[in-house]
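A.B. asks: Starting off with a structure, shown below.
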Amino acid sequence: MAPATSGDSSGSSLHEHVQRQRIGEDAKMLMDTDAADDLASHYSALSEDKNASPQIREAAALFSLAEDALQDEDADIALERATSALELFRQSGDKQGVQDTIRLVCGAHRLKNQPDQAMEKATQELAQFKQVGDKRGQGCMHFSLAEGHLARYKTDDALQSLSEALQLFRDIADKKMEVSALLVTARAYVRKYRSDDALQAARDALSVAAAAGDKKMQSKANLSIAVTDIEIGATDEALQATDAAVALARDAGDKKSEVAALEMLANVQLLKEMPRKALTIAQQALALAREIEHR
């Protein structure tokens with residue numbers, strides 16, 4: 001066999017670059033479609049809490065259904081159910097329910113390609129939360145504004161809103177929302193090609209989630225780390241982070257997150273030129289996705 005020429009080496013390097021870029025874009029798209037705060041399990045439990053009022057239980061059930069619809073990218077159903085839940089939470093005086101549901105309404109508008117409506121809603125509600133000095137409410141609305149800015153490709157504005165949201169969440173020690181905001185911060189830095197900052201935000205998210213014992217969010221943070229590792233060509237590190245993401249999602253019993261992690265893992269195996277492993281993992285992801293669909 002003839003030795004490889006410099007042209008062959010260059011072609012191989014170009015192929016690897018194109019493949020890494022494609023997989024990186026797929027990974028970033030996966031991050032961009034994660035529009036919900038993963039609160040459905042909390043509100044599902046609340047809907048079955050006999051100590052809660054019937055109104056709150058109904059609102060909680062609607063919230064859970066709305067978030068599931070949002071994650072399934074059914075924006076119309078998500079908006080309809082979230083709007084109903086919001087009205088019930090307002091009537092019952094459940095402040096956190098109101099805040100979380102407003103974010104769900106904003107997420108549904110963004111999914112419907114209506115970022116302006118999402119931002120108008122968040123801006124109006126932010127003014128109300130400022131009036132009463134509600135830090136969590138303000139943080140949630142700054143967070144929604146940041147996501148609206150990202151939807152409009154105004155990344156610098158998004159980072160500013162995220163900074164304000166993070167400070168507010170830290171002031172009240174809301175670890176769940178802090179992790180969520182850090183993961184979106186990492187996504188914004190990836191958009192800006194600021195890999196070091198993206199990696200730091202994702203690692204911070206992992207640290208906070210680990211301290212809170214939240215395996216589901218740890219899984220998401222590891223996926224965020226893997227996205228940045230792919231961007232900078234650190235394939236071994238991406239494999240380690242993605243392996244961890246799969247294990248954590250599995251431990252948490254979160255099948256949707258496990259599918260996402262398996263899909264990422266298959267892509268990383270392709271980057272490592274392990275097509276058979278990639279195919280096996282992709283088949284596992286497909287089987288699990290079908291299991292979820294037919295539940």
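By order in the structure tokens, chains are A, B, ...; within a chain, residues start at 1; ligands start at 1, following the order shown.
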Tell me which protein, DNA and RNA residues are within 9 Å of Cys140 of chain A, counting only C-alpha atoms, leaving out same-chain ones fewer than 6 positions away, and put them as a ChimeraX atom specification.
C.D. replies: /A:99-100,102-103,122,126,165,168-169,177
A.B. asks: Tell me, in Å to one decimal, how far atom CA of Leu70 of chain A is from atom CA of Asp197 of chain A.
C.D. replies: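 Distance reported for this atom pair: 28.7 Å.
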A.B. asks: When you look at segment 153-159 of chain A with a cut-off of 12 Å (counting only C-alpha atoms), what residues show up, excluding the ones that are within fewer than 4 positions of it in the same chain? I need them as JSON, numbers by chain.
C.D. replies: {"A": [32, 115, 119, 142, 143, 144, 145, 146, 147, 148, 149, 163, 164, 165, 166, 181, 182, 183, 184, 185, 186, 187, 188, 189, 190, 191, 192, 193, 194, 197, 198, 201]}
A.B. asks: Just want the 10 Å neighbourhood of Ala45 of chain A, counted on only C-alpha atoms, with same-chain residues fewer than 6 positions away dropped. Output as a list in words.
C.D. replies: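 Those residues are Arg57, Ala60, Ala61 and Ser64 of chain A.
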